[in-house]
$ cat my_file-v3.csv   # CSV, C-alpha atoms and all ligand atoms
chain,number,residue,atom,x,y,z
G,5,MET,CA,78.9,39.6,49.7
G,6,LYS,CA,76.6,41.9,51.8
G,7,VAL,CA,77.5,45.6,52.0
G,8,ASP,CA,75.5,47.7,54.5
G,9,PHE,CA,74.7,51.2,53.4
G,10,TYR,CA,75.7,52.5,56.8
G,11,ARG,CA,77.0,51.3,60.1
G,12,HIS,CA,77.3,53.5,63.2
G,13,GLY,CA,80.5,53.7,65.1
G,14,LEU,CA,79.0,53.5,68.6
G,15,SER,CA,79.9,50.6,70.9
G,16,ARG,CA,79.2,49.2,74.3
G,17,ALA,CA,81.9,51.5,75.7
G,18,ASP,CA,79.7,54.4,74.9
G,19,ALA,CA,77.1,52.9,77.2
G,20,ASN,CA,79.2,53.9,80.2
G,21,ALA,CA,78.4,57.5,79.6
G,22,VAL,CA,74.7,56.6,79.6
G,23,ALA,CA,75.0,54.5,82.7
G,24,ASP,CA,76.6,57.5,84.5
G,25,VAL,CA,73.4,59.5,83.7
G,26,LEU,CA,71.3,56.7,85.2
G,27,ASP,CA,73.4,57.0,88.4
G,28,SER,CA,72.3,60.6,88.8
G,29,PRO,CA,68.8,61.6,89.9
G,30,PHE,CA,68.2,63.6,86.7
G,31,LEU,CA,67.4,62.0,83.4
G,32,THR,CA,66.3,64.8,81.1
G,33,THR,CA,68.0,68.0,80.0
G,34,GLY,CA,70.6,68.9,82.7
G,35,LYS,CA,74.3,69.0,83.5
G,36,VAL,CA,75.3,66.6,80.7
G,37,ALA,CA,73.4,68.6,78.0
G,38,HIS,CA,74.9,71.8,79.3
G,39,ARG,CA,78.4,70.3,79.1
G,40,VAL,CA,77.8,69.2,75.5
G,41,GLU,CA,76.4,72.7,74.7
G,42,ALA,CA,79.7,74.2,76.0
G,43,GLU,CA,81.7,71.8,73.9
G,44,LEU,CA,79.7,72.8,70.8
G,45,CYS,CA,80.3,76.5,71.6
G,46,GLU,CA,84.0,75.7,71.7
G,47,TYR,CA,84.1,73.6,68.6
G,48,PHE,CA,82.2,76.1,66.5
G,49,ASP,CA,83.6,79.2,68.3
G,50,VAL,CA,80.1,80.6,69.0
G,51,PRO,CA,78.7,82.0,72.3
G,52,HIS,CA,75.5,79.9,72.3
G,53,ALA,CA,74.5,76.3,71.6
G,54,ILE,CA,71.1,74.7,72.3
G,55,LEU,CA,70.7,70.9,72.3
G,56,VAL,CA,67.4,69.7,70.8
G,57,ASN,CA,65.7,66.3,70.2
G,58,SER,CA,66.0,66.6,66.4
G,59,TRP,CA,67.0,69.0,63.6
G,60,THR,CA,63.3,69.3,62.8
G,61,SER,CA,62.2,70.4,66.2
G,62,GLY,CA,65.2,72.7,66.5
G,63,ALA,CA,64.5,74.4,63.3
G,64,THR,CA,60.8,74.7,64.2
G,65,ALA,CA,61.7,76.2,67.6
G,66,THR,CA,64.0,78.7,65.8
G,67,LEU,CA,61.4,79.7,63.2
G,68,MET,CA,58.9,80.2,66.1
G,69,ALA,CA,61.4,82.3,68.0
G,70,LEU,CA,62.0,84.4,64.9
G,71,GLY,CA,58.2,85.0,64.7
G,72,ILE,CA,57.9,83.5,61.2
G,73,GLY,CA,54.4,82.3,60.3
G,74,PRO,CA,51.4,82.8,58.0
G,75,GLY,CA,52.0,85.5,55.3
G,76,ASP,CA,55.8,85.0,55.4
G,77,GLU,CA,57.9,83.3,52.8
G,78,VAL,CA,61.0,81.2,53.4
G,79,ILE,CA,63.4,80.3,50.6
G,80,VAL,CA,64.4,76.6,50.6
G,81,PRO,CA,66.5,74.6,48.0
G,82,ALA,CA,64.4,72.1,46.0
G,83,MET,CA,67.1,69.4,46.5
G,84,THR,CA,67.2,68.5,50.2
G,85,PHE,CA,65.5,66.3,52.7
G,86,ILE,CA,61.8,67.1,53.2
G,87,ALA,CA,62.3,68.3,56.8
G,88,THR,CA,64.0,71.5,55.5
G,89,ALA,CA,60.8,72.6,53.9
G,90,ASN,CA,58.4,70.8,56.3
G,91,VAL,CA,59.4,73.1,59.1
G,92,VAL,CA,58.4,76.1,57.1
G,93,GLU,CA,55.0,74.6,56.3
G,94,MET,CA,54.6,73.6,60.0
G,95,VAL,CA,54.7,77.2,61.2
G,96,GLY,CA,52.2,78.2,58.5
G,97,ALA,CA,54.6,80.1,56.2
G,98,LYS,CA,55.0,79.6,52.5
G,99,THR,CA,57.9,77.5,51.2
G,100,VAL,CA,59.6,79.1,48.2
G,101,LEU,CA,61.4,76.3,46.4
G,102,VAL,CA,64.5,77.4,44.5
G,103,ASP,CA,66.6,75.4,42.0
G,104,VAL,CA,70.1,74.3,42.9
G,105,HIS,CA,73.4,74.5,40.9
G,106,PRO,CA,73.7,71.6,38.5
G,107,ASN,CA,77.3,70.8,39.5
G,108,THR,CA,77.2,71.1,43.3
G,109,LEU,CA,73.5,70.7,43.8
G,110,LEU,CA,73.7,73.6,46.3
G,111,LEU,CA,71.6,76.7,46.7
G,112,THR,CA,73.4,79.7,45.1
G,113,PRO,CA,73.4,83.3,46.3
G,114,GLU,CA,72.1,84.4,42.8
G,115,ALA,CA,69.1,82.0,42.8
G,116,ALA,CA,68.2,82.8,46.4
G,117,ALA,CA,68.4,86.5,45.7
G,118,ALA,CA,66.2,86.2,42.6
G,119,ALA,CA,63.5,84.6,44.8
G,120,VAL,CA,63.3,87.4,47.4
G,121,THR,CA,60.0,89.2,47.6
G,122,PRO,CA,58.8,91.8,50.2
G,123,ARG,CA,57.3,88.8,52.1
G,124,THR,CA,60.6,86.9,52.4
G,125,LYS,CA,61.6,86.4,56.1
G,126,ALA,CA,64.3,83.8,55.9
G,127,VAL,CA,66.5,81.5,53.8
G,128,ILE,CA,67.4,78.0,54.8
G,129,PRO,CA,70.6,77.1,52.8
G,130,VAL,CA,71.5,73.4,53.0
G,131,HIS,CA,75.1,72.1,53.1
G,132,LEU,CA,74.0,69.1,50.9
G,133,TYR,CA,76.1,65.9,51.2
G,134,GLY,CA,78.6,67.8,53.3
G,135,GLN,CA,79.7,70.5,50.9
G,136,MET,CA,79.1,74.0,52.1
G,137,VAL,CA,77.0,76.9,50.7
G,138,ASP,CA,78.8,80.2,50.8
G,139,VAL,CA,76.6,81.7,53.5
G,140,ALA,CA,78.4,85.0,53.7
G,141,ALA,CA,77.8,85.6,49.9
G,142,LEU,CA,74.2,84.3,50.2
G,143,ARG,CA,73.5,86.8,53.0
G,144,ARG,CA,75.0,89.7,51.0
G,145,ALA,CA,73.0,88.8,47.9
G,146,VAL,CA,69.6,88.3,49.5
G,147,GLN,CA,70.0,91.4,51.7
G,148,ALA,CA,71.1,93.5,48.8
G,149,ARG,CA,68.0,92.4,46.9
G,150,ALA,CA,65.7,93.0,49.9
G,151,GLY,CA,67.0,96.4,50.8
G,152,ARG,CA,67.6,98.1,54.2
G,153,ASN,CA,64.1,98.0,55.5
G,154,GLN,CA,63.6,94.2,55.3
G,155,GLN,CA,65.7,91.9,57.4
G,156,ILE,CA,66.2,88.4,56.1
G,157,PHE,CA,67.2,85.7,58.6
G,158,ILE,CA,69.5,82.9,57.5
G,159,LEU,CA,69.0,79.5,59.2
G,160,GLU,CA,71.8,77.1,58.0
G,161,ASP,CA,70.7,73.4,57.6
G,162,CYS,CA,73.9,71.7,58.8
G,163,ALA,CA,72.4,68.2,59.0
G,164,HIS,CA,75.0,67.0,56.5
G,165,CYS,CA,77.9,69.2,57.7
G,166,PHE,CA,79.1,69.2,61.3
G,167,GLU,CA,82.8,69.0,60.7
G,168,GLY,CA,83.3,70.6,57.3
G,169,THR,CA,84.7,74.0,56.6
G,170,LEU,CA,84.5,76.6,53.8
G,171,ASN,CA,87.6,78.8,53.4
G,172,GLY,CA,88.8,77.4,56.8
G,173,GLU,CA,85.5,78.4,58.6
G,174,ARG,CA,83.1,76.1,60.2
G,175,PRO,CA,79.3,76.2,59.8
G,176,GLY,CA,77.3,78.9,61.6
G,177,ARG,CA,79.7,81.8,61.2
G,178,TYR,CA,77.5,83.9,58.9
G,179,ALA,CA,74.0,82.7,59.8
G,180,ASP,CA,71.5,83.9,62.4
G,181,ALA,CA,71.3,80.3,63.5
G,182,ALA,CA,72.7,77.0,62.3
G,183,CYS,CA,70.9,73.7,63.0
G,184,PHE,CA,72.5,70.2,63.2
G,185,SER,CA,71.0,66.8,63.2
G,186,PHE,CA,72.2,63.9,65.4
G,187,TYR,CA,69.8,61.4,63.8
G,188,ALA,CA,70.9,57.8,63.6
G,189,THR,CA,72.7,58.0,60.2
G,190,LYS,CA,74.3,61.4,60.6
G,191,ASN,CA,78.1,61.9,61.0
G,192,VAL,CA,77.6,62.7,64.7
G,193,THR,CA,74.7,60.8,66.2
G,194,CYS,CA,72.9,60.0,69.4
G,195,GLY,CA,70.1,58.1,67.7
G,196,GLU,CA,67.8,61.1,67.6
G,197,GLY,CA,68.9,64.6,68.4
G,198,GLY,CA,70.2,67.9,67.1
G,199,ALA,CA,71.6,71.3,68.1
G,200,ILE,CA,71.3,75.0,67.3
G,201,ILE,CA,74.3,77.3,67.4
G,202,LEU,CA,74.0,81.1,67.3
G,203,ARG,CA,75.4,84.4,68.4
G,204,ASP,CA,72.6,86.7,69.2
G,205,PRO,CA,71.8,86.6,73.0
G,206,ASP,CA,68.2,87.7,72.6
G,207,LEU,CA,67.4,85.0,70.0
G,208,HIS,CA,69.1,82.5,72.3
G,209,GLY,CA,66.8,83.4,75.1
G,210,ARG,CA,63.7,83.1,72.9
G,211,ILE,CA,64.8,79.7,71.5
G,212,LEU,CA,65.3,78.4,75.0
G,213,GLU,CA,61.6,79.2,75.5
G,214,THR,CA,60.3,77.9,72.2
G,215,ARG,CA,62.3,74.7,72.8
G,216,LEU,CA,60.4,74.0,76.0
G,217,HIS,CA,56.7,74.6,75.7
G,218,GLY,CA,57.3,78.4,75.9
G,219,MET,CA,58.3,78.1,79.6
G,220,THR,CA,60.5,80.8,80.9
G,221,ALA,CA,62.5,78.5,83.0
G,222,THR,CA,64.1,75.1,82.3
G,223,ALA,CA,63.5,72.1,84.6
G,224,VAL,CA,66.9,72.7,86.3
G,225,ASN,CA,66.2,76.4,86.9
G,226,ARG,CA,62.7,75.7,88.3
G,227,PHE,CA,64.4,74.0,91.3
G,228,ALA,CA,67.4,76.2,91.4
G,229,GLY,CA,68.5,77.2,94.9
G,230,GLY,CA,66.9,74.1,96.4
G,231,ARG,CA,63.4,75.5,96.2
G,232,TYR,CA,60.5,75.7,93.7
G,233,ASN,CA,60.6,78.8,91.4
G,234,HIS,CA,57.6,80.0,89.4
G,235,TRP,CA,57.8,80.2,85.6
G,236,ASP,CA,55.8,82.1,83.1
G,237,MET,CA,54.8,81.5,79.4
G,238,LYS,CA,55.2,84.5,77.1
G,239,ARG,CA,55.3,82.8,73.7
G,240,LEU,CA,54.1,79.5,72.3
G,241,GLY,CA,56.7,76.8,72.2
G,242,ILE,CA,57.1,73.1,71.4
G,243,LYS,CA,58.8,70.2,73.2
G,244,ALA,CA,62.3,70.0,71.7
G,245,ASN,CA,64.8,69.5,74.5
G,246,LEU,CA,67.3,66.7,74.4
G,247,PRO,CA,67.5,64.4,77.5
G,248,ASP,CA,70.9,63.9,79.2
G,249,LEU,CA,70.5,60.1,78.5
G,250,LEU,CA,71.1,60.8,74.8
G,251,ALA,CA,73.3,63.8,75.1
G,252,ALA,CA,75.8,61.6,77.0
G,253,LEU,CA,76.6,59.9,73.7
G,254,LEU,CA,77.9,63.0,72.0
G,255,PRO,CA,81.1,64.2,73.8
G,256,ALA,CA,83.2,61.3,72.6
G,257,GLN,CA,82.1,61.8,69.0
G,258,ILE,CA,82.7,65.5,69.1
G,259,ARG,CA,86.2,64.8,70.2
G,260,SER,CA,86.9,62.2,67.5
G,261,VAL,CA,84.9,63.8,64.6
G,262,ASP,CA,87.9,65.3,62.8
G,263,ASP,CA,89.6,61.9,62.9
G,264,SER,CA,86.6,60.1,61.6
G,265,LEU,CA,86.3,62.7,58.8
G,266,ARG,CA,89.8,61.8,57.6
G,267,ARG,CA,88.7,58.1,57.4
G,268,ARG,CA,85.4,59.1,55.7
G,269,GLN,CA,87.3,61.2,53.2
G,270,ALA,CA,89.6,58.3,52.5
G,271,VAL,CA,86.7,56.1,51.6
G,272,ALA,CA,85.2,58.9,49.4
G,273,GLY,CA,88.7,59.3,47.7
G,274,ARG,CA,88.8,55.6,46.8
G,275,TYR,CA,85.4,55.9,45.2
G,276,ASP,CA,86.5,59.1,43.3
G,277,GLU,CA,89.6,57.3,42.0
G,278,ALA,CA,87.8,54.1,41.0
G,279,LEU,CA,84.9,55.9,39.3
G,280,ALA,CA,86.9,58.6,37.4
G,281,GLY,CA,86.2,58.3,33.7
G,282,SER,CA,83.1,56.2,34.3
G,283,PRO,CA,79.8,57.1,32.7
G,284,PHE,CA,78.3,58.1,36.0
G,285,ARG,CA,77.5,61.7,36.8
G,286,MET,CA,79.8,62.9,39.6
G,287,LEU,CA,79.3,65.8,42.1
G,288,GLY,CA,81.4,68.9,41.4
G,289,ASN,CA,83.7,70.1,44.2
G,290,VAL,CA,83.1,73.4,45.9
G,291,VAL,CA,86.3,75.5,45.8
G,292,GLY,CA,87.7,76.1,49.3
G,293,CYS,CA,85.4,73.6,50.9
G,294,ASN,CA,86.7,70.7,53.1
G,295,THR,CA,83.6,68.6,52.8
G,296,ALA,CA,82.1,66.7,55.7
G,297,SER,CA,81.6,64.0,53.2
G,298,HIS,CA,78.3,62.9,54.7
G,299,LEU,CA,76.9,61.0,51.7
G,300,TYR,CA,78.7,59.7,48.6
G,301,VAL,CA,76.3,60.2,45.6
G,302,ILE,CA,76.6,59.4,41.9
G,303,GLY,CA,74.1,60.0,39.1
G,304,ILE,CA,72.8,57.5,36.5
G,305,PRO,CA,72.4,59.9,33.5
G,306,SER,CA,70.4,57.4,31.3
G,307,GLY,CA,67.3,57.6,33.5
G,308,ARG,CA,67.7,54.0,34.5
G,309,ARG,CA,68.5,54.7,38.1
G,310,ASP,CA,65.8,52.5,39.6
G,311,GLU,CA,67.1,49.5,37.5
G,312,ALA,CA,70.6,50.3,38.9
G,313,ILE,CA,69.2,50.1,42.4
G,314,THR,CA,67.7,46.7,41.7
G,315,VAL,CA,71.0,45.4,40.4
G,316,LEU,CA,73.0,46.7,43.3
G,317,ASN,CA,70.5,45.3,45.8
G,318,GLU,CA,70.7,41.9,44.1
G,319,ALA,CA,74.4,42.1,44.6
G,320,GLY,CA,73.8,42.6,48.3
G,321,ILE,CA,74.6,46.3,48.3
G,322,GLY,CA,72.6,48.7,50.3
G,323,VAL,CA,71.9,52.0,48.6
G,324,THR,CA,69.5,54.9,49.1
G,325,VAL,CA,68.2,57.9,47.1
G,326,ASN,CA,69.1,61.4,48.6
G,327,TYR,CA,66.8,62.8,47.4
G,328,ARG,CA,63.9,62.9,44.9
G,329,ALA,CA,63.4,66.7,44.5
G,330,LEU,CA,60.8,68.3,46.7
G,331,PRO,CA,58.6,69.7,43.9
G,332,GLY,CA,58.0,66.1,42.7
G,333,LEU,CA,56.6,64.8,46.0
G,334,THR,CA,52.8,64.8,46.1
G,335,TYR,CA,52.4,67.3,49.0
G,336,TYR,CA,54.7,69.9,47.5
G,337,ARG,CA,53.5,69.3,43.9
G,338,ASP,CA,49.9,69.9,45.0
G,339,ARG,CA,50.8,72.9,47.0
G,340,TYR,CA,53.3,74.5,44.7
G,341,PRO,CA,52.5,73.1,41.2
G,342,GLN,CA,54.8,75.5,39.3
G,343,ALA,CA,57.9,74.6,41.4
G,344,GLY,CA,58.8,71.5,39.3
G,345,SER,CA,59.2,73.4,36.1
G,346,GLU,CA,61.0,76.2,37.9
G,347,CYS,CA,63.6,73.8,39.4
G,348,PRO,CA,64.8,71.6,36.5
G,349,HIS,CA,68.3,70.9,37.9
G,350,ALA,CA,66.9,69.6,41.2
G,351,MET,CA,64.2,67.6,39.4
G,352,LEU,CA,66.7,65.9,37.0
G,353,TRP,CA,69.2,65.1,39.8
G,354,GLY,CA,66.3,63.6,41.8
G,355,GLU,CA,65.7,61.1,39.0
G,356,GLN,CA,69.4,60.2,38.6
G,357,THR,CA,70.9,60.2,42.0
G,358,LEU,CA,72.0,57.2,44.0
G,359,SER,CA,73.9,57.1,47.4
G,360,LEU,CA,76.6,54.5,47.8
G,361,PRO,CA,77.6,52.7,51.1
G,362,HIS,CA,79.8,55.3,52.8
G,363,TYR,CA,81.0,55.4,56.4
G,364,PRO,CA,84.5,55.8,58.1
G,365,ASP,CA,85.0,52.0,58.7
G,366,LEU,CA,83.6,50.7,55.4
G,367,PRO,CA,85.7,47.6,54.8
G,368,ARG,CA,88.0,47.8,51.8
G,369,ASP,CA,86.8,44.5,50.3
G,370,GLU,CA,83.2,45.6,50.6
G,371,GLN,CA,83.9,48.9,48.8
G,372,ASP,CA,85.8,46.9,46.1
G,373,HIS,CA,82.6,44.9,45.6
G,374,VAL,CA,80.5,48.0,45.2
G,375,VAL,CA,83.0,49.5,42.7
G,376,ALA,CA,83.2,46.2,40.7
G,377,THR,CA,79.4,45.9,40.6
G,378,LEU,CA,79.1,49.6,39.4
G,379,LEU,CA,81.8,49.2,36.7
G,380,ASN,CA,80.8,45.7,35.5
G,381,GLN,CA,77.0,45.8,35.8
G,382,ILE,CA,75.8,49.3,36.1
G,383,ALA,CA,78.0,51.2,33.8
G,384,THR,CA,76.4,49.5,30.8
G,385,ILE,CA,72.9,50.9,31.7
G,386,ALA,CA,74.2,54.3,32.9
H,401,LIG,C1,68.4,64.4,58.4
H,401,LIG,C2,68.1,65.8,57.8
H,401,LIG,C3,67.2,66.7,58.5
H,401,LIG,C4,66.3,66.3,59.6
H,401,LIG,O1,67.0,65.9,60.7
H,401,LIG,P1,66.2,65.2,62.0
H,401,LIG,O2,67.2,65.3,63.1
H,401,LIG,O3,65.9,63.8,61.6
H,401,LIG,O4,65.0,66.1,62.2
H,401,LIG,C5,67.1,67.9,57.9
H,401,LIG,N1,67.7,68.3,56.8
H,401,LIG,C6,68.6,67.5,56.2
H,401,LIG,C7,69.3,67.9,55.0
H,401,LIG,C8,68.7,66.2,56.7
H,401,LIG,O5,69.5,65.3,56.0
$ encode --input "my_file-v3.csv" --output "structure tokens"
Amino acid sequence: MKVDFYRHGLSRADANAVADVLDSPFLTTGKVAHRVEAELCEYFDVPHAILVNSWTSGATATLMALGIGPGDEVIVPAMTFIATANVVEMVGAKTVLVDVHPNTLLLTPEAAAAAVTPRTKAVIPVHLYGQMVDVAALRRAVQARAGRNQQIFILEDCAHCFEGTLNGERPGRYADAACFSFYATKNVTCGEGGAIILRDPDLHGRILETRLHGMTATAVNRFAGGRYNHWDMKRLGIKANLPDLLAALLPAQIRSVDDSLRRRQAVAGRYDEALAGSPFRMLGNVVGCNTASHLYVIGIPSGRRDEAITVLNEAGIGVTVNYRALPGLTYYRDRYPQAGSECPHAMLWGEQTLSLPHYPDLPRDEQDHVVATLLNQIATIA
């Protein structure tokens, strides 16, 4: 039996929304994107949302708008996707890799605060696998450590958590900005895309510029009133806007995301039950968090993870590794050679972790095959 790691939930019916854009004269960021931004504002109860063409470009535009660059430090968890740290490197700042909690694999307020120096400008907490970091506590801890004369920005990496909550609150509530990914495998997707949500109107204005070359007017505004309007460039920007052609795929998913979360959690619950008492290392639950359940991960404690991958692949099962820890990757090891020994929990999990097939419509018989293979063939080498 073949079990795909992931299958998206989009169908030909979703193409109608794209066809509607083709019927209009305007293909890039316009009315559709603005409507989606309004829907994001409503969903997250925030005044501002900005669609971007990826998490990576959105986070880069945000760091640029915050004026973060050479000489600055940004705290990033050592267990995350490379993009979280790459954006810091891209703007020329120093990535300060910090270890994660061994049970939840999340950045903790204590560890982040301990890494604060007078050069710290920002922290990028990651809601890894869908469970949420306590951003309010994180902000209190790092700000207390920094003192009154040093403002530390919080940029939430919500690539794994669109629809989750912590103590009933959605992402973005306590951050200066929160960034989402609509990449092909994310819970909400348009192939490639992302969004930034935020409260501060000034920062919103600056990100609108850094999102579009630094131009002071968007394409729509340049032709507002039926005539050409001059624009200026006050700050350097990148090209990060999302075209309406892709944005058109988002509204239907935003409307159904809470329903797909229930089905996603049901799949995760079946894994939880079947693997309880097995020798695999399981993720600890964050108290008060309704997880977005983006990935279902287990650990192979024996150090024979890569053998386990081979066995699962031979049984037709697609699996991935999310992630080998950043300090172990060549670029980050060369650049920050001490980070590996400073982040033992992230390094160990990076050697053990394995992500199982997990999406809302994973067929039951396929999931049974995954569980049977794990318990019959992998448990003995775990
Ligand atoms: C996918 C992902 C990103 C990058 O998202 P893109 O939209 O592909 O740029 C960043 N952080 C995390 C944790 C991710 O999983």
$ residues_near_ligand --input "my_file-v3.csv" --ligand "ligand LIG 401 (chain H)" --cutoff "8 Å" --atoms "all atoms listed in the file" --output "PyMOL selection string"
chain G and resi 57-62+84-88+130-132+161-164+184-187+189-190+196-198
$ residues_around --input "my_file-v3.csv" --residues "Pro247 (chain G)" --least-positions-apart "6" --cutoff "12 Å" --atoms "all atoms listed in the file" --output "PDB file with C-alpha atoms, in the frame of the given file"
ATOM      1  CA  VAL G  22      74.700  56.600  79.600  1.00  0.00           C
ATOM      2  CA  VAL G  25      73.400  59.500  83.700  1.00  0.00           C
ATOM      3  CA  LEU G  26      71.300  56.700  85.200  1.00  0.00           C
ATOM      4  CA  PHE G  30      68.200  63.600  86.700  1.00  0.00           C
ATOM      5  CA  LEU G  31      67.400  62.000  83.400  1.00  0.00           C
ATOM      6  CA  THR G  32      66.300  64.800  81.100  1.00  0.00           C
ATOM      7  CA  THR G  33      68.000  68.000  80.000  1.00  0.00           C
ATOM      8  CA  GLY G  34      70.600  68.900  82.700  1.00  0.00           C
ATOM      9  CA  LYS G  35      74.300  69.000  83.500  1.00  0.00           C
ATOM     10  CA  VAL G  36      75.300  66.600  80.700  1.00  0.00           C
ATOM     11  CA  ALA G  37      73.400  68.600  78.000  1.00  0.00           C
ATOM     12  CA  HIS G  38      74.900  71.800  79.300  1.00  0.00           C
ATOM     13  CA  VAL G  40      77.800  69.200  75.500  1.00  0.00           C
ATOM     14  CA  LEU G  55      70.700  70.900  72.300  1.00  0.00           C
ATOM     15  CA  VAL G  56      67.400  69.700  70.800  1.00  0.00           C
ATOM     16  CA  ASN G  57      65.700  66.300  70.200  1.00  0.00           C
ATOM     17  CA  SER G  58      66.000  66.600  66.400  1.00  0.00           C
ATOM     18  CA  CYS G 194      72.900  60.000  69.400  1.00  0.00           C
ATOM     19  CA  GLY G 195      70.100  58.100  67.700  1.00  0.00           C
ATOM     20  CA  GLU G 196      67.800  61.100  67.600  1.00  0.00           C
ATOM     21  CA  GLY G 197      68.900  64.600  68.400  1.00  0.00           C
ATOM     22  CA  GLY G 198      70.200  67.900  67.100  1.00  0.00           C
ATOM     23  CA  ALA G 223      63.500  72.100  84.600  1.00  0.00           C
ATOM     24  CA  LEU G 253      76.600  59.900  73.700  1.00  0.00           C
ATOM     25  CA  LEU G 254      77.900  63.000  72.000  1.00  0.00           C
TER      26      LEU G 254
END
$ residues_around --input "my_file-v3.csv" --residues "Val139 (chain G)" --least-positions-apart "5" --cutoff "8 Å" --atoms "all atoms listed in the file" --output "PyMOL selection string"
chain G and resi 129+178-179
$ closest_residue --input "my_file-v3.csv" --among "G:Val290, G:Leu330, G:Ala119, G:Ile54" --to "Glu77 (chain G)" --atoms "only C-alpha atoms"
G:Ala119
$ residues_around --input "my_file-v3.csv" --residues "Gly75 (chain G)" --least-positions-apart "3" --cutoff "8 Å" --atoms "all atoms listed in the file" --output "PyMOL selection string"
chain G and resi 96-98+123
$ residues_around --input "my_file-v3.csv" --residues "Arg174 (chain G)" --least-positions-apart "6" --cutoff "10 Å" --atoms "all atoms listed in the file" --output "PyMOL selection string"
chain G and resi 47-49+136+165-168+293-294
$ closest_atom_pairs --input "my_file-v3.csv" --of "region 5-35 of chain G" --to "region 257-271 of chain G" --cutoff "10 Å" --atoms "all atoms listed in the file" --output "tab-separated table"
residue	atom	partner	partner_atom	distance
G:Gly13	CA	G:Gln257	CA	9.1
G:Leu14	CA	G:Gln257	CA	8.9
G:Asp18	CA	G:Gln257	CA	9.8
$ atom_distance --input "my_file-v3.csv" --atom1 "CA of Leu246 (chain G)" --atom2 "CA of Val100 (chain G)"
30.0 Å
$ residues_around --input "my_file-v3.csv" --residues "Asn225 (chain G)" --least-positions-apart "4" --cutoff "12 Å" --atoms "only C-alpha atoms" --output "PyMOL selection string"
chain G and resi 33-35+219-221+229-235
$ write_last_selection --input "my_file-v3.csv" --atoms "C-alpha atoms" --output "mmCIF file, keeping the file's coordinate frame"
data_model
loop_
_atom_site.group_PDB
_atom_site.id
_atom_site.type_symbol
_atom_site.label_atom_id
_atom_site.label_comp_id
_atom_site.auth_asym_id
_atom_site.auth_seq_id
_atom_site.Cartn_x
_atom_site.Cartn_y
_atom_site.Cartn_z
ATOM 1 C CA THR G 33 68.000 68.000 80.000
ATOM 2 C CA GLY G 34 70.600 68.900 82.700
ATOM 3 C CA LYS G 35 74.300 69.000 83.500
ATOM 4 C CA MET G 219 58.300 78.100 79.600
ATOM 5 C CA THR G 220 60.500 80.800 80.900
ATOM 6 C CA ALA G 221 62.500 78.500 83.000
ATOM 7 C CA GLY G 229 68.500 77.200 94.900
ATOM 8 C CA GLY G 230 66.900 74.100 96.400
ATOM 9 C CA ARG G 231 63.400 75.500 96.200
ATOM 10 C CA TYR G 232 60.500 75.700 93.700
ATOM 11 C CA ASN G 233 60.600 78.800 91.400
ATOM 12 C CA HIS G 234 57.600 80.000 89.400
ATOM 13 C CA TRP G 235 57.800 80.200 85.600
#
$ closest_residue --input "my_file-v3.csv" --among "G:Leu358, G:Cys347, G:Ala42, G:Met83" --to "Asp103 (chain G)" --atoms "all atoms listed in the file"
G:Cys347
$ decode --input "my_file-v3.csv" --residues "region 363-373 of chain G" --atoms "N, CA and C atoms" --output "PDB file, in the first residue's frame"
ATOM      1  N   TYR G 363      -2.739  14.548   7.195  1.00  0.00           N
ATOM      2  CA  TYR G 363      -3.552  15.609   6.596  1.00  0.00           C
ATOM      3  C   TYR G 363      -5.017  15.238   6.827  1.00  0.00           C
ATOM      4  N   PRO G 364      -5.934  16.227   6.703  1.00  0.00           N
ATOM      5  CA  PRO G 364      -7.314  16.007   7.166  1.00  0.00           C
ATOM      6  C   PRO G 364      -7.991  14.776   6.565  1.00  0.00           C
ATOM      7  N   ASP G 365      -7.741  14.476   5.291  1.00  0.00           N
ATOM      8  CA  ASP G 365      -8.451  13.364   4.646  1.00  0.00           C
ATOM      9  C   ASP G 365      -7.594  12.121   4.503  1.00  0.00           C
ATOM     10  N   LEU G 366      -6.579  11.965   5.352  1.00  0.00           N
ATOM     11  CA  LEU G 366      -5.768  10.745   5.305  1.00  0.00           C
ATOM     12  C   LEU G 366      -6.699   9.538   5.486  1.00  0.00           C
ATOM     13  N   PRO G 367      -6.770   8.653   4.471  1.00  0.00           N
ATOM     14  CA  PRO G 367      -7.693   7.514   4.584  1.00  0.00           C
ATOM     15  C   PRO G 367      -7.324   6.612   5.770  1.00  0.00           C
ATOM     16  N   ARG G 368      -8.361   6.104   6.427  1.00  0.00           N
ATOM     17  CA  ARG G 368      -8.170   5.309   7.632  1.00  0.00           C
ATOM     18  C   ARG G 368      -7.301   4.074   7.381  1.00  0.00           C
ATOM     19  N   ASP G 369      -7.539   3.399   6.248  1.00  0.00           N
ATOM     20  CA  ASP G 369      -6.756   2.171   5.994  1.00  0.00           C
ATOM     21  C   ASP G 369      -5.279   2.507   5.756  1.00  0.00           C
ATOM     22  N   GLU G 370      -5.024   3.696   5.185  1.00  0.00           N
ATOM     23  CA  GLU G 370      -3.624   4.091   4.981  1.00  0.00           C
ATOM     24  C   GLU G 370      -2.966   4.402   6.332  1.00  0.00           C
ATOM     25  N   GLN G 371      -3.708   5.069   7.203  1.00  0.00           N
ATOM     26  CA  GLN G 371      -3.161   5.351   8.529  1.00  0.00           C
ATOM     27  C   GLN G 371      -2.921   4.052   9.307  1.00  0.00           C
ATOM     28  N   ASP G 372      -3.841   3.087   9.156  1.00  0.00           N
ATOM     29  CA  ASP G 372      -3.661   1.776   9.817  1.00  0.00           C
ATOM     30  C   ASP G 372      -2.368   1.115   9.348  1.00  0.00           C
ATOM     31  N   HIS G 373      -2.073   1.265   8.055  1.00  0.00           N
ATOM     32  CA  HIS G 373      -0.844   0.678   7.493  1.00  0.00           C
ATOM     33  C   HIS G 373       0.392   1.340   8.107  1.00  0.00           C
TER      34      HIS G 373
END
